[in-house]
>>> print(open('coords.txt').read())   # compact mmCIF, C-alpha atoms
# COMPACT_ATOMS: atom_id res chain seq x y z
CA MET A 1 -38.07 -41.37 -36.45
CA SER A 2 -37.79 -41.02 -40.24
CA LYS A 3 -36.59 -37.76 -41.82
CA ALA A 4 -40.07 -37.07 -43.22
CA ARG A 5 -41.73 -37.51 -39.79
CA LEU A 6 -39.08 -35.37 -38.12
CA LEU A 7 -39.71 -32.54 -40.59
CA THR A 8 -43.46 -32.85 -40.01
CA PHE A 9 -42.95 -32.68 -36.23
CA LEU A 10 -40.71 -29.61 -36.48
CA ALA A 11 -43.16 -27.87 -38.80
CA ALA A 12 -46.01 -28.52 -36.35
CA LEU A 13 -43.87 -27.24 -33.48
CA ALA A 14 -43.09 -24.05 -35.42
CA VAL A 15 -46.80 -23.35 -35.78
CA CYS A 16 -47.21 -23.37 -32.01
CA VAL A 17 -44.28 -21.06 -31.30
CA PRO A 18 -44.91 -17.34 -31.98
CA HIS A 19 -42.24 -15.52 -33.96
CA ALA A 20 -41.35 -11.87 -33.58
CA ASP A 21 -41.03 -11.25 -37.31
CA ALA A 22 -44.20 -12.87 -38.63
CA PRO A 23 -47.86 -13.37 -37.70
CA ALA A 24 -47.22 -17.13 -37.65
CA TYR A 25 -49.69 -19.88 -38.36
CA GLY A 26 -50.18 -20.40 -34.64
CA GLN A 27 -51.76 -16.99 -34.26
CA ILE A 28 -54.03 -17.67 -37.22
CA LEU A 29 -55.16 -20.85 -35.47
CA GLY A 30 -55.62 -19.01 -32.17
CA LEU A 31 -52.45 -20.44 -30.65
CA GLY A 32 -49.60 -18.43 -29.19
CA LYS A 33 -51.85 -15.53 -28.20
CA PRO A 34 -51.23 -13.85 -24.86
CA ALA A 35 -53.35 -15.40 -22.12
CA PRO A 36 -56.41 -13.30 -21.27
CA PRO A 37 -56.00 -11.27 -18.09
CA VAL A 38 -57.16 -12.99 -14.92
CA VAL A 39 -60.25 -11.26 -13.55
CA ILE A 40 -60.41 -11.43 -9.77
CA PRO A 41 -63.94 -11.08 -8.36
CA VAL A 42 -64.82 -8.45 -5.80
CA LEU A 43 -65.37 -9.82 -2.30
CA GLN A 44 -69.00 -9.10 -1.47
CA ALA A 45 -69.89 -7.75 1.97
CA PRO A 46 -71.73 -10.04 4.41
CA ASP A 47 -75.51 -10.01 4.25
CA PRO A 48 -76.63 -7.16 6.57
CA ALA A 49 -79.38 -9.44 7.94
CA TYR A 50 -76.91 -12.12 9.00
CA VAL A 51 -76.24 -12.30 12.75
CA PHE A 52 -72.68 -13.30 13.59
CA PRO A 53 -72.25 -15.38 16.76
CA ALA A 54 -70.97 -13.30 19.68
CA ARG A 55 -69.08 -16.34 20.96
CA GLN A 56 -69.13 -19.91 19.72
CA THR A 57 -67.01 -23.04 20.08
CA LEU A 58 -67.31 -25.88 17.55
CA THR A 59 -65.55 -29.16 18.38
CA PHE A 60 -65.02 -31.72 15.60
CA SER A 61 -63.73 -35.27 15.59
CA VAL A 62 -61.41 -35.90 12.64
CA ASP A 63 -61.68 -39.28 10.93
CA TRP A 64 -59.07 -40.53 8.44
CA ARG A 65 -59.94 -43.73 6.62
CA VAL A 66 -60.82 -46.16 9.46
CA PHE A 67 -59.05 -44.19 12.20
CA THR A 68 -60.12 -41.39 14.50
CA ALA A 69 -57.18 -39.18 13.65
CA GLY A 70 -57.73 -36.39 16.16
CA THR A 71 -59.82 -33.37 17.06
CA ALA A 72 -60.26 -29.85 15.70
CA VAL A 73 -61.71 -26.99 17.71
CA PHE A 74 -62.93 -23.74 16.14
CA HIS A 75 -63.60 -20.76 18.36
CA ILE A 76 -65.40 -17.69 17.01
CA GLU A 77 -65.67 -14.45 18.94
CA GLN A 78 -66.95 -11.06 17.86
CA GLN A 79 -64.83 -8.09 18.90
CA GLY A 80 -66.44 -4.88 17.75
CA THR A 81 -66.80 -5.13 13.97
CA GLU A 82 -64.25 -7.95 13.75
CA GLU A 83 -65.02 -11.65 13.88
CA LYS A 84 -62.01 -13.49 15.34
CA VAL A 85 -61.52 -17.15 14.47
CA THR A 86 -59.08 -19.60 16.05
CA ALA A 87 -58.57 -23.26 15.18
CA ASP A 88 -56.63 -25.92 17.11
CA ALA A 89 -55.90 -29.31 15.55
CA ASP A 90 -54.38 -32.24 17.45
CA THR A 91 -53.78 -35.84 16.42
CA ALA A 92 -54.86 -38.76 18.60
CA GLY A 93 -54.41 -42.51 18.96
CA THR A 94 -52.36 -44.41 16.39
CA VAL A 95 -51.94 -41.39 14.13
CA ASN A 96 -50.44 -39.40 16.99
CA MET A 97 -47.87 -42.16 17.59
CA VAL A 98 -46.86 -42.22 13.91
CA PHE A 99 -47.04 -38.52 13.06
CA PRO A 100 -47.94 -36.16 15.92
CA VAL A 101 -49.60 -32.89 14.92
CA VAL A 102 -50.34 -29.86 17.09
CA ASP A 103 -51.41 -26.96 14.87
CA LYS A 104 -52.87 -23.60 15.88
CA PHE A 105 -54.30 -21.01 13.51
CA SER A 106 -55.94 -17.65 14.04
CA ALA A 107 -57.53 -15.16 11.67
CA GLY A 108 -60.30 -12.63 11.45
CA PHE A 109 -62.45 -10.57 9.14
CA ASP A 110 -64.48 -7.38 9.24
CA THR A 111 -68.18 -8.15 9.71
CA LYS A 112 -69.16 -5.09 7.66
CA THR A 113 -66.91 -5.59 4.63
CA GLY A 114 -65.84 -9.25 4.84
CA CYS A 115 -62.16 -8.28 4.39
CA SER A 116 -59.65 -10.48 6.22
CA THR A 117 -57.75 -8.73 9.00
CA GLY A 118 -54.81 -11.17 8.98
CA PHE A 119 -53.76 -14.78 9.48
CA ASN A 120 -51.40 -16.49 11.94
CA LYS A 121 -50.15 -20.09 12.06
CA GLN A 122 -48.17 -22.16 14.56
CA ILE A 123 -47.43 -25.57 13.11
CA SER A 124 -45.86 -28.57 14.82
CA GLU A 125 -46.01 -31.63 12.54
CA GLY A 126 -43.48 -34.35 13.27
CA HIS A 127 -40.05 -32.71 13.11
CA ARG A 128 -41.43 -29.64 11.32
CA LYS A 129 -42.03 -26.62 13.52
CA VAL A 130 -42.84 -23.26 11.94
CA SER A 131 -44.80 -20.13 12.72
CA GLY A 132 -45.96 -17.36 10.44
CA ASP A 133 -47.88 -14.11 10.25
CA LEU A 134 -49.74 -12.78 7.22
CA THR A 135 -50.86 -9.15 7.31
CA PHE A 136 -52.85 -7.06 4.84
CA ASN A 137 -52.46 -3.38 4.12
CA TYR A 138 -55.43 -2.48 1.95
CA GLN A 139 -54.39 1.16 1.69
CA THR A 140 -51.12 0.26 -0.04
CA GLY A 141 -52.52 -2.88 -1.74
CA LYS A 142 -49.86 -5.12 -0.18
CA GLN A 143 -49.73 -8.33 1.82
CA SER A 144 -46.70 -9.22 3.93
CA GLU A 145 -45.74 -12.62 5.27
CA VAL A 146 -43.14 -13.47 7.91
CA ASN A 147 -42.29 -17.16 8.31
CA ARG A 148 -40.08 -18.54 11.08
CA ASN A 149 -38.50 -22.00 11.00
CA LEU A 150 -38.33 -22.81 14.69
CA VAL A 151 -36.03 -25.81 14.15
CA LYS A 152 -33.41 -24.04 12.01
CA GLY A 153 -33.89 -20.66 13.64
CA THR A 154 -34.36 -18.88 10.30
CA THR A 155 -36.82 -16.19 9.21
CA THR A 156 -38.07 -15.32 5.73
CA THR A 157 -40.13 -12.32 4.66
CA ARG A 158 -42.20 -11.92 1.50
CA GLU A 159 -44.46 -9.25 0.06
CA ALA A 160 -46.99 -9.26 -2.75
CA SER A 161 -49.88 -7.24 -4.13
CA ILE A 162 -53.52 -7.78 -3.17
CA PRO A 163 -56.81 -6.35 -4.38
CA ALA A 164 -58.91 -3.97 -2.28
CA CYS A 165 -60.32 -6.79 -0.12
CA VAL A 166 -59.42 -10.49 0.29
CA ALA A 167 -60.36 -13.49 2.41
CA ASP A 168 -57.93 -15.85 4.16
CA THR A 169 -57.98 -19.65 4.26
CA LEU A 170 -59.40 -19.92 7.79
CA SER A 171 -61.94 -17.16 8.31
CA ALA A 172 -63.30 -17.70 4.77
CA ILE A 173 -65.25 -20.69 6.15
CA PHE A 174 -67.23 -18.35 8.39
CA TYR A 175 -67.36 -15.45 5.94
CA VAL A 176 -69.20 -17.72 3.49
CA ALA A 177 -71.76 -18.50 6.21
CA SER A 178 -72.74 -14.81 6.11
CA ARG A 179 -73.69 -14.95 2.41
CA PRO A 180 -76.98 -16.21 0.94
CA LEU A 181 -76.55 -19.93 0.15
CA VAL A 182 -78.92 -20.66 -2.73
CA VAL A 183 -78.77 -24.09 -4.37
CA GLY A 184 -77.42 -23.85 -7.91
CA GLN A 185 -75.58 -20.59 -7.30
CA GLN A 186 -72.02 -19.74 -6.28
CA VAL A 187 -70.26 -17.51 -3.78
CA ARG A 188 -67.09 -16.23 -5.47
CA PHE A 189 -64.36 -14.29 -3.72
CA PRO A 190 -60.61 -13.53 -3.83
CA LEU A 191 -58.47 -15.60 -1.46
CA ALA A 192 -54.95 -14.72 -0.28
CA ASP A 193 -53.07 -17.98 -0.84
CA SER A 194 -49.27 -18.38 -0.57
CA MET A 195 -48.63 -14.78 -1.60
CA ARG A 196 -50.97 -15.04 -4.56
CA THR A 197 -54.59 -14.02 -4.98
CA VAL A 198 -56.76 -16.83 -6.34
CA THR A 199 -60.45 -16.97 -7.10
CA VAL A 200 -62.47 -19.41 -5.00
CA ALA A 201 -65.94 -20.45 -6.11
CA MET A 202 -68.15 -21.98 -3.42
CA LYS A 203 -70.64 -24.07 -5.36
CA ILE A 204 -73.93 -24.55 -3.50
CA GLU A 205 -74.69 -28.09 -4.65
CA GLY A 206 -77.78 -29.17 -2.74
CA LYS A 207 -79.51 -29.93 0.53
CA GLU A 208 -79.22 -33.08 2.60
CA GLU A 209 -79.64 -34.46 6.09
CA VAL A 210 -76.37 -35.01 7.98
CA LYS A 211 -75.97 -37.08 11.13
CA THR A 212 -73.14 -36.12 13.47
CA PRO A 213 -72.32 -36.92 17.12
CA ALA A 214 -73.75 -33.48 17.96
CA GLY A 215 -77.10 -34.32 16.35
CA THR A 216 -78.90 -34.58 13.03
CA PHE A 217 -78.99 -31.45 10.89
CA GLN A 218 -80.70 -30.29 7.73
CA THR A 219 -77.80 -28.88 5.73
CA ILE A 220 -76.68 -27.13 2.57
CA ARG A 221 -73.73 -28.84 0.88
CA VAL A 222 -71.10 -26.45 -0.53
CA GLN A 223 -68.01 -27.35 -2.57
CA PRO A 224 -65.09 -24.90 -2.73
CA THR A 225 -63.19 -24.99 -6.03
CA ALA A 226 -60.22 -23.06 -7.41
CA ASP A 227 -57.96 -23.26 -10.45
CA GLU A 228 -54.82 -23.12 -8.29
CA GLY A 229 -53.55 -22.87 -4.73
CA ILE A 230 -54.36 -24.61 -1.49
CA VAL A 231 -58.03 -25.24 -2.29
CA LYS A 232 -57.13 -27.10 -5.49
CA ASN A 233 -54.16 -28.92 -3.95
CA ARG A 234 -56.26 -30.32 -1.08
CA GLY A 235 -58.30 -32.37 -3.55
CA LYS A 236 -62.08 -32.23 -3.42
CA ILE A 237 -63.53 -30.41 -0.41
CA TRP A 238 -67.09 -30.12 0.85
CA ILE A 239 -68.58 -28.13 3.73
CA TRP A 240 -72.04 -28.77 5.13
CA TYR A 241 -73.72 -25.68 6.64
CA THR A 242 -76.96 -25.83 8.59
CA ASP A 243 -79.95 -24.91 6.44
CA ASP A 244 -81.11 -22.15 8.76
CA ALA A 245 -80.23 -18.57 9.62
CA ARG A 246 -77.03 -19.65 11.42
CA HIS A 247 -75.31 -21.41 8.49
CA MET A 248 -73.19 -23.21 11.09
CA PRO A 249 -70.63 -25.66 9.62
CA VAL A 250 -71.35 -29.16 10.95
CA GLN A 251 -69.28 -31.35 8.63
CA ILE A 252 -66.19 -30.87 6.46
CA ARG A 253 -64.71 -33.45 4.10
CA ALA A 254 -61.52 -33.49 2.04
CA SER A 255 -60.98 -36.27 -0.46
CA GLN A 256 -57.42 -36.65 -1.74
CA PHE A 257 -56.01 -39.23 -4.11
CA PHE A 258 -52.98 -40.10 -1.96
CA TRP A 259 -54.19 -39.58 1.61
CA GLY A 260 -57.74 -40.80 1.14
CA THR A 261 -60.71 -39.11 2.77
CA ILE A 262 -60.57 -36.96 5.91
CA THR A 263 -63.88 -36.00 7.52
CA PHE A 264 -64.61 -33.53 10.31
CA HIS A 265 -67.78 -34.49 12.25
CA LEU A 266 -69.28 -31.96 14.68
CA GLN A 267 -69.03 -33.35 18.20
CA SER A 268 -70.43 -30.39 20.11
CA TYR A 269 -71.23 -26.70 19.82
CA GLU A 270 -71.71 -24.14 22.55
CA ALA A 271 -72.07 -20.39 22.88
CA LYS A 272 -68.91 -19.75 24.86
>>> encode(input="coords.txt", output="structure tokens")
Amino acid sequence: MSKARLLTFLAALAVCVPHADAPAYGQILGLGKPAPPVVIPVLQAPDPAYVFPARQTLTFSVDWRVFTAGTAVFHIEQQGTEEKVTADADTAGTVNMVFPVVDKFSAGFDTKTGCSTGFNKQISEGHRKVSGDLTFNYQTGKQSEVNRNLVKGTTTTREASIPACVADTLSAIFYVASRPLVVGQQVRFPLADSMRTVTVAMKIEGKEEVKTPAGTFQTIRVQPTADEGIVKNRGKIWIWYTDDARHMPVQIRASQFFWGTITFHLQSYEAK
């Protein structure tokens, strides 16, 4: 690089770096200003007219590329004003031989407010075996997470702030079902994600007919998006809810650059 070009580069760099003793050209150009504060939306309460299932079991086949990768079972049960959700995921066939997975998750939310009541995970993926508990204390505005590495025998604890009400990554699927799903609109809410609070926008994209092993459904296609966190890192995600009063999820798809596309197809559903 010539001396003239080097001086030009350094001068341009100086514009972009704010100085304590001068307004700097960067500020004049709108650069170097403090980032605007992040505004976290308020989690809206479920629609009072929505009827949560008393008990329901949804069984999905999980397809990865050309393989049937395994099964996922969601169980929903209402206990007073709390909707409890559990999810079991197991690999099958060739995928199970290469990378066995047996994951169990549980969570819940208040059917009156929509606030998550906590999240638990038990993960067994290859040689990785961990368990964890995430709890929320809305009175103190804190979330606490305890993670246990079952292979190393170690435990870590973390704590962070939360707003007055948040969703978690599992029960949020069923919380969204309780909101009006109008094409062209969004359902926005705060999500507790890896000790941060991120904003998730569920974009209601359109209506379409979906064929699954459990039957053919008229559905509403919803795409969760976020600027950071697990929703963003999982690539593009879509959830198809039935276009009726139930808003039952019948298909879920995650499209990632590296792993390809993973699709959950509803195999069966029953009220038990």
>>> residues_near_point(input="coords.txt", point="(-60.8, -17.6, -9.1)", cutoff="7 Å", atoms="all atoms listed in the file", output="list in words")
Ile40, Pro190, Val198, Thr199, Val200, Ala201, Ala226 and Asp227 of chain A
>>> residues_around(input="coords.txt", residues="Lys272 in chain A", least_positions_apart="3", cutoff="7 Å", atoms="only C-alpha atoms", output="list in words")
Arg55, Gln56 and Thr57 of chain A
>>> residues_near_point(input="coords.txt", point="(-47.5, -8.0, 4.2)", cutoff="8 Å", atoms="only C-alpha atoms", output="mmCIF file with C-alpha atoms, keeping the file's coordinate frame")
data_model
loop_
_atom_site.group_PDB
_atom_site.id
_atom_site.type_symbol
_atom_site.label_atom_id
_atom_site.label_comp_id
_atom_site.auth_asym_id
_atom_site.auth_seq_id
_atom_site.Cartn_x
_atom_site.Cartn_y
_atom_site.Cartn_z
ATOM 1 C CA LEU A 134 -49.740 -12.780 7.220
ATOM 2 C CA THR A 135 -50.860 -9.150 7.310
ATOM 3 C CA PHE A 136 -52.850 -7.060 4.840
ATOM 4 C CA ASN A 137 -52.460 -3.380 4.120
ATOM 5 C CA LYS A 142 -49.860 -5.120 -0.180
ATOM 6 C CA GLN A 143 -49.730 -8.330 1.820
ATOM 7 C CA SER A 144 -46.700 -9.220 3.930
ATOM 8 C CA GLU A 145 -45.740 -12.620 5.270
ATOM 9 C CA VAL A 146 -43.140 -13.470 7.910
ATOM 10 C CA ARG A 158 -42.200 -11.920 1.500
ATOM 11 C CA GLU A 159 -44.460 -9.250 0.060
ATOM 12 C CA ALA A 160 -46.990 -9.260 -2.750
#
>>> residues_around(input="coords.txt", residues="range 110-122 of chain A", least_positions_apart="4", cutoff="7 Å", atoms="all atoms listed in the file", output="PyMOL selection string")
chain A and resi 45-46+81-83+103-106+130-136+165-168+175
>>> residues_around(input="coords.txt", residues="Arg253 in chain A", least_positions_apart="6", cutoff="12 Å", atoms="all atoms listed in the file", output="list in words")
Phe60, Ser61, Val62, Asp63, Trp64, Arg65, Arg221, Val222, Gln223, Pro224, Arg234, Gly235, Lys236, Ile237, Trp238, Ile239, Trp240, Gly260, Thr261, Ile262, Thr263, Phe264, His265 and Leu266 of chain A
>>> atom_distance(input="coords.txt", atom1="CA of Ile252 in chain A", atom2="CA of Val187 in chain A")
17.3 Å
>>> atom_distance(input="coords.txt", atom1="CA of Gln139 in chain A", atom2="CA of Ala164 in chain A")
7.9 Å
>>> closest_residue(input="coords.txt", among="A:Ala107, A:Met248, A:Ile123, A:Val151", to="Glu270 in chain A", atoms="all atoms listed in the file")
A:Met248
>>> atom_distance(input="coords.txt", atom1="CA of Tyr269 in chain A", atom2="CA of Val183 in chain A")
25.5 Å
>>> closest_residue(input="coords.txt", among="A:Ile173, A:Thr216, A:Ser161, A:Lys207", to="Met195 in chain A", atoms="all atoms listed in the file")
A:Ser161
>>> residues_around(input="coords.txt", residues="Gln218 in chain A", least_positions_apart="3", cutoff="6 Å", atoms="all atoms listed in the file", output="VMD selection string")
chain A and resid 209 242 to 243
>>> axis_aligned_box(input="coords.txt", around="range 50-57 of chain A", padding_each_side="6 Å", output="JSON")
{"center_x": -72.0, "center_y": -17.6, "center_z": 15.0, "size_x": 21.9, "size_y": 22.9, "size_z": 24.0}
>>> residues_around(input="coords.txt", residues="Asp47 in chain A", least_positions_apart="5", cutoff="9 Å", atoms="all atoms listed in the file", output="list in words")
Lys112, Ser178, Arg179 and Pro180 of chain A
>>> build_atoms(input="coords.txt", residues="range 112-124 of chain A", atoms="N, CA, C and O atoms", output="compact mmCIF listing (two decimals), in the coordinates of the input")
# COMPACT_ATOMS: atom_id res chain seq x y z
N LYS A 112 -68.47 -6.02 8.54
CA LYS A 112 -69.16 -5.09 7.66
C LYS A 112 -68.73 -5.27 6.20
O LYS A 112 -69.55 -5.20 5.29
N THR A 113 -67.43 -5.50 5.99
CA THR A 113 -66.91 -5.59 4.63
C THR A 113 -66.58 -7.02 4.20
O THR A 113 -66.55 -7.32 3.00
N GLY A 114 -66.28 -7.90 5.15
CA GLY A 114 -65.84 -9.25 4.84
C GLY A 114 -64.35 -9.38 4.65
O GLY A 114 -63.83 -10.49 4.51
N CYS A 115 -63.62 -8.26 4.64
CA CYS A 115 -62.16 -8.28 4.39
C CYS A 115 -61.42 -8.97 5.54
O CYS A 115 -61.67 -8.66 6.71
N SER A 116 -60.48 -9.83 5.20
CA SER A 116 -59.65 -10.48 6.22
C SER A 116 -58.79 -9.44 6.92
O SER A 116 -58.28 -8.50 6.30
N THR A 117 -58.60 -9.64 8.22
CA THR A 117 -57.75 -8.73 9.00
C THR A 117 -56.38 -9.34 9.29
O THR A 117 -55.57 -8.72 9.99
N GLY A 118 -56.12 -10.55 8.78
CA GLY A 118 -54.81 -11.17 8.98
C GLY A 118 -54.93 -12.64 9.30
O GLY A 118 -56.02 -13.16 9.56
N PHE A 119 -53.79 -13.33 9.28
CA PHE A 119 -53.76 -14.78 9.48
C PHE A 119 -52.46 -15.15 10.19
O PHE A 119 -51.38 -14.64 9.84
N ASN A 120 -52.57 -16.03 11.19
CA ASN A 120 -51.40 -16.49 11.94
C ASN A 120 -51.42 -18.01 12.02
O ASN A 120 -52.48 -18.62 12.15
N LYS A 121 -50.24 -18.63 11.94
CA LYS A 121 -50.15 -20.09 12.06
C LYS A 121 -49.00 -20.47 12.98
O LYS A 121 -47.97 -19.81 13.02
N GLN A 122 -49.21 -21.54 13.74
CA GLN A 122 -48.17 -22.16 14.56
C GLN A 122 -48.29 -23.66 14.32
O GLN A 122 -49.23 -24.29 14.80
N ILE A 123 -47.33 -24.19 13.59
CA ILE A 123 -47.43 -25.57 13.11
C ILE A 123 -46.34 -26.43 13.74
O ILE A 123 -45.16 -26.10 13.70
N SER A 124 -46.77 -27.56 14.31
CA SER A 124 -45.86 -28.57 14.82
C SER A 124 -46.32 -29.92 14.27
O SER A 124 -47.29 -30.50 14.76
